[in-house]
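First comes the structure, then the notes that go with it.
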Amino acid sequence: MEFSAKSAHKHAELIALFAETFTVSDTAEEGALVAAVVKNLLTTTAPADLYVFTLSEGDTVIGAALFSRLRYAKDPRRVFILSPMAIATAYQGRRLGQSLLSQAHQALGAAGVEIAITYGDPAFYAKTGYQPISTDVAKAPLPLSYPHGWIGQSLTEAPFTALKGDCRCVAALNDPRIW
């Protein structure tokens, strides 16, 4: 398996990975929605506001994690949200998601990102260091339909302390259907 932080030439493959993975795990509608979010993230988000990490086997992308910037109005820390992430169905259950996130977190930390947040299954993401947070600690950019899925972690030696101010996400995530 090869980890990479470079995916400029793999947009179509990434979109297809997310469409297929979320269609199999959820519904065709969910697969289409997540694929559209990924396409928008890849094509409309400023490079400084987006990190794309992939796992490949040979020339085939089998996993991807996209991190985009969250801005807190009164907080100078660099915060990024993991959304979305996928491991191809045939490769699930092998700890590849954990490996991908571990390497992504190291790369983000080395790039000066201080906090990672995600919105998902706390049991899965706890395996890679995410802990439940409340919207009092870190406001969400939009109302959460699944508040106990709001989780985060510090990527530095400093503890995760409350983020100050209102939160804004990149345009591609500013859709109430995904929150």
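In the structure tokens, the first chain shown is A, the next is B, and so on; residue numbers restart at 1 for each chain, and ligands run from 1 in the order shown.
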
(request) Show which residues sit within 8 Å of Val61 (chain A), as a PyMOL selection string. Count only C-alpha atoms, and ignore same-chain residues fewer than 4 positions away. (result) chain A and resi 13-14+17+54-57

(request) Give me the residues within 6 Å of Arg69 (chain A) as a count of residues only, counting only C-alpha atoms and dropping any in the same chain fewer than 4 places off. (result) 3

(message) When you count only C-alpha atoms, which of these residues is closest to Gly149 (chain A): A:Thr161, A:Thr23, A:Thr118, A:Thr135?
(response) A:Thr118

Contact table region 56-96 of chain A vs region 136-139 of chain A, cut-off 12 Å, shortest pair per residue, only C-alpha atoms, as JSON lines:
{"residue": "A:Leu70", "atom": "CA", "partner": "A:Lys139", "partner_atom": "CA", "distance": 10.1}
{"residue": "A:Arg71", "atom": "CA", "partner": "A:Lys139", "partner_atom": "CA", "distance": 10.3}
{"residue": "A:Tyr72", "atom": "CA", "partner": "A:Lys139", "partner_atom": "CA", "distance": 8.3}
{"residue": "A:Ala73", "atom": "CA", "partner": "A:Lys139", "partner_atom": "CA", "distance": 10.6}
{"residue": "A:Lys74", "atom": "CA", "partner": "A:Ala138", "partner_atom": "CA", "distance": 11.7}
{"residue": "A:Asp75", "atom": "CA", "partner": "A:Ala138", "partner_atom": "CA", "distance": 10.6}
{"residue": "A:Val79", "atom": "CA", "partner": "A:Ala138", "partner_atom": "CA", "distance": 10.3}
{"residue": "A:Phe80", "atom": "CA", "partner": "A:Ala138", "partner_atom": "CA", "distance": 11.9}
{"residue": "A:Ile81", "atom": "CA", "partner": "A:Ala138", "partner_atom": "CA", "distance": 11.5}

Give me a file of those residues, with all heavy atoms, as a short mmCIF file (atom, residue, chain, number, x, y, z; two decimals), in the first residue's frame.
data_model
loop_
_atom_site.label_atom_id
_atom_site.label_comp_id
_atom_site.auth_asym_id
_atom_site.auth_seq_id
_atom_site.Cartn_x
_atom_site.Cartn_y
_atom_site.Cartn_z
N LEU A 70 -11.48 24.65 8.52
CA LEU A 70 -12.54 25.28 9.32
C LEU A 70 -11.93 26.55 9.87
O LEU A 70 -10.81 26.54 10.39
CB LEU A 70 -12.98 24.39 10.49
CG LEU A 70 -13.79 23.15 10.16
CD1 LEU A 70 -14.09 22.37 11.46
CD2 LEU A 70 -15.07 23.48 9.44
N ARG A 71 -12.66 27.66 9.77
CA ARG A 71 -12.17 28.93 10.32
C ARG A 71 -13.05 29.32 11.51
O ARG A 71 -14.27 29.35 11.40
CB ARG A 71 -12.23 30.01 9.26
CG ARG A 71 -11.30 29.77 8.09
CD ARG A 71 -11.31 30.95 7.12
NE ARG A 71 -10.65 30.61 5.88
CZ ARG A 71 -9.34 30.59 5.69
NH1 ARG A 71 -8.53 30.89 6.68
NH2 ARG A 71 -8.83 30.26 4.52
N TYR A 72 -12.37 29.60 12.62
CA TYR A 72 -13.04 30.08 13.81
C TYR A 72 -12.74 31.57 13.94
O TYR A 72 -11.57 31.97 13.96
CB TYR A 72 -12.59 29.28 15.04
CG TYR A 72 -13.25 27.92 15.04
CD1 TYR A 72 -12.70 26.86 14.33
CD2 TYR A 72 -14.45 27.72 15.69
CE1 TYR A 72 -13.33 25.63 14.28
CE2 TYR A 72 -15.09 26.48 15.65
CZ TYR A 72 -14.52 25.45 14.94
OH TYR A 72 -15.16 24.23 14.89
N ALA A 73 -13.79 32.38 14.00
CA ALA A 73 -13.69 33.83 13.88
C ALA A 73 -12.70 34.47 14.86
O ALA A 73 -12.05 35.45 14.52
CB ALA A 73 -15.07 34.47 14.04
N LYS A 74 -12.60 33.92 16.06
CA LYS A 74 -11.75 34.56 17.07
C LYS A 74 -10.63 33.64 17.54
O LYS A 74 -10.15 33.77 18.66
CB LYS A 74 -12.63 34.97 18.26
CG LYS A 74 -13.66 36.01 17.89
CD LYS A 74 -14.54 36.37 19.07
CE LYS A 74 -15.58 37.39 18.65
NZ LYS A 74 -16.47 37.75 19.75
N ASP A 75 -10.20 32.72 16.68
CA ASP A 75 -9.18 31.76 17.08
C ASP A 75 -8.14 31.63 15.96
O ASP A 75 -8.49 31.38 14.81
CB ASP A 75 -9.81 30.39 17.34
CG ASP A 75 -8.99 29.53 18.26
OD1 ASP A 75 -7.83 29.22 17.91
OD2 ASP A 75 -9.48 29.18 19.34
N VAL A 79 -7.28 24.77 11.88
CA VAL A 79 -8.20 23.67 12.13
C VAL A 79 -8.68 23.14 10.79
O VAL A 79 -9.08 23.90 9.92
CB VAL A 79 -9.41 24.15 12.98
CG1 VAL A 79 -10.36 23.00 13.27
CG2 VAL A 79 -8.94 24.82 14.27
N PHE A 80 -8.67 21.82 10.64
CA PHE A 80 -9.18 21.18 9.44
C PHE A 80 -10.15 20.08 9.82
O PHE A 80 -10.01 19.44 10.86
CB PHE A 80 -8.03 20.59 8.60
CG PHE A 80 -7.37 21.62 7.73
CD1 PHE A 80 -6.56 22.60 8.27
CD2 PHE A 80 -7.57 21.61 6.36
CE1 PHE A 80 -5.95 23.55 7.47
CE2 PHE A 80 -6.97 22.56 5.54
CZ PHE A 80 -6.16 23.54 6.10
N ILE A 81 -11.17 19.90 8.97
CA ILE A 81 -12.16 18.86 9.19
C ILE A 81 -11.96 17.73 8.19
O ILE A 81 -11.77 17.97 7.00
CB ILE A 81 -13.61 19.41 9.12
CG1 ILE A 81 -14.62 18.32 9.48
CG2 ILE A 81 -13.90 20.06 7.77
CD1 ILE A 81 -16.03 18.81 9.72
#

(message) Please identify the strand (DSSP E) residues within region 49-136 of chain A (assignment by DSSP from backbone atoms) and present them as number ranges by chain.
(response) A: 50-57, 60-72, 79-87, 115-119, 131-132

(message) Can you measure CA of Ile62 (chain A) to CA of Ile87 (chain A) for me? One decimal in Å is fine.
(response) 5.8 Å

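Considering the residues A:Gly112, A:Pro147, A:Pro141, A:Gly152 and counting only C-alpha atoms, Gly165 (chain A) has its shortest atom-to-atom contact with A:Pro141.
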
(message) Measuring between only C-alpha atoms, which one of A:Asp166, A:Pro132, A:Ser4, A:Leu173 shows the shortest distance to Pro84 (chain A)?
(response) A:Leu173

(request) Could you find all residues in region 33-76 of chain A that DSSP calls helix (DSSP H, G or I) from the backbone, and write them as a ChimeraX atom specification? (result) /A:33-44,47-49

Next, dump the selected residues to file, keeping only N, CA, C and O atoms, as a JSON list (two decimals), in the first residue's frame.
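Ended up saving to again-v2.json:
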[["chain", "number", "residue", "atom", "x", "y", "z"],
["A", 33, "LEU", "N", -24.65, 11.95, -3.31],
["A", 33, "LEU", "CA", -24.42, 13.18, -2.53],
["A", 33, "LEU", "C", -22.95, 13.31, -2.15],
["A", 33, "LEU", "O", -22.34, 14.36, -2.35],
["A", 34, "VAL", "N", -22.36, 12.25, -1.62],
["A", 34, "VAL", "CA", -20.96, 12.31, -1.19],
["A", 34, "VAL", "C", -20.05, 12.50, -2.41],
["A", 34, "VAL", "O", -19.09, 13.27, -2.35],
["A", 35, "ALA", "N", -20.34, 11.84, -3.52],
["A", 35, "ALA", "CA", -19.55, 12.03, -4.73],
["A", 35, "ALA", "C", -19.60, 13.49, -5.19],
["A", 35, "ALA", "O", -18.58, 14.06, -5.61],
["A", 36, "ALA", "N", -20.77, 14.11, -5.10],
["A", 36, "ALA", "CA", -20.90, 15.52, -5.48],
["A", 36, "ALA", "C", -20.11, 16.42, -4.54],
["A", 36, "ALA", "O", -19.46, 17.39, -4.98],
["A", 37, "VAL", "N", -20.12, 16.11, -3.25],
["A", 37, "VAL", "CA", -19.34, 16.88, -2.28],
["A", 37, "VAL", "C", -17.85, 16.76, -2.61],
["A", 37, "VAL", "O", -17.13, 17.76, -2.62],
["A", 38, "VAL", "N", -17.40, 15.55, -2.89],
["A", 38, "VAL", "CA", -15.99, 15.34, -3.22],
["A", 38, "VAL", "C", -15.62, 16.11, -4.49],
["A", 38, "VAL", "O", -14.58, 16.80, -4.54],
["A", 39, "LYS", "N", -16.46, 16.04, -5.50],
["A", 39, "LYS", "CA", -16.19, 16.78, -6.74],
["A", 39, "LYS", "C", -16.08, 18.28, -6.45],
["A", 39, "LYS", "O", -15.15, 18.94, -6.91],
["A", 40, "ASN", "N", -17.01, 18.80, -5.66],
["A", 40, "ASN", "CA", -16.97, 20.22, -5.31],
["A", 40, "ASN", "C", -15.73, 20.57, -4.49],
["A", 40, "ASN", "O", -15.11, 21.62, -4.71],
["A", 41, "LEU", "N", -15.38, 19.72, -3.53],
["A", 41, "LEU", "CA", -14.17, 19.98, -2.75],
["A", 41, "LEU", "C", -12.94, 20.05, -3.65],
["A", 41, "LEU", "O", -12.12, 20.96, -3.53],
["A", 42, "LEU", "N", -12.83, 19.08, -4.55],
["A", 42, "LEU", "CA", -11.65, 18.99, -5.41],
["A", 42, "LEU", "C", -11.56, 20.12, -6.43],
["A", 42, "LEU", "O", -10.46, 20.52, -6.81],
["A", 43, "THR", "N", -12.71, 20.62, -6.88],
["A", 43, "THR", "CA", -12.70, 21.60, -7.97],
["A", 43, "THR", "C", -12.91, 23.04, -7.52],
["A", 43, "THR", "O", -12.61, 23.96, -8.29],
["A", 44, "THR", "N", -13.42, 23.26, -6.31],
["A", 44, "THR", "CA", -13.73, 24.64, -5.91],
["A", 44, "THR", "C", -12.96, 25.12, -4.68],
["A", 44, "THR", "O", -13.02, 26.31, -4.37],
["A", 47, "PRO", "N", -6.32, 25.49, -2.87],
["A", 47, "PRO", "CA", -5.33, 24.50, -2.45],
["A", 47, "PRO", "C", -4.86, 24.66, -1.00],
["A", 47, "PRO", "O", -4.62, 23.66, -0.32],
["A", 48, "ALA", "N", -4.76, 25.87, -0.50],
["A", 48, "ALA", "CA", -4.33, 26.08, 0.88],
["A", 48, "ALA", "C", -5.38, 25.62, 1.89],
["A", 48, "ALA", "O", -5.07, 25.47, 3.07],
["A", 49, "ASP", "N", -6.59, 25.41, 1.43],
["A", 49, "ASP", "CA", -7.69, 25.01, 2.31],
["A", 49, "ASP", "C", -8.08, 23.54, 2.18],
["A", 49, "ASP", "O", -9.11, 23.12, 2.73]]

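Distances from A:Ala123, A:Leu144, A:Ala64, A:Cys169 to Ser99 (chain A) were compared using only C-alpha atoms, and the smallest one belongs to A:Ala64.
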
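Here CA of Leu100 (chain A) stands at a distance of 22.8 Å from CA of Pro159 (chain A).
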
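The list of residues with at least one atom within 8 Å of Tyr119 (chain A), based on only C-alpha atoms and without residues fewer than 6 positions apart in the same chain, reads A:Leu82, A:Ser83, A:Gly149, A:Trp150, A:Ile151.
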
Grab the residues selected above and save them as a compact mmCIF listing (two decimals), in the first residue's frame with N, CA and C atoms.
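selection.txt written:
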# COMPACT_ATOMS: atom_id res chain seq x y z
N LEU A 82 -11.99 16.52 8.70
CA LEU A 82 -11.96 15.33 7.87
C LEU A 82 -13.38 15.09 7.37
N SER A 83 -13.58 15.25 6.09
CA SER A 83 -14.90 15.01 5.50
C SER A 83 -14.81 15.12 3.99
N GLY A 149 -21.67 12.65 17.07
CA GLY A 149 -20.65 12.35 16.07
C GLY A 149 -19.65 13.47 15.87
N TRP A 150 -19.77 14.56 16.63
CA TRP A 150 -18.86 15.71 16.52
C TRP A 150 -17.65 15.39 17.39
N ILE A 151 -16.50 15.13 16.77
CA ILE A 151 -15.32 14.65 17.48
C ILE A 151 -14.07 15.35 16.96

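Between Glu157 (chain A) and the residues A:Ile115, A:Ala12, A:Leu50, A:Met85, the shortest atom-to-atom distance, using only C-alpha atoms, involves A:Ile115.
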
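If only C-alpha atoms are the atoms counted, then among A:Phe67, A:Ser134, A:Tyr51, A:Ala86 the closest residue to Gly31 (chain A) is A:Ala86.
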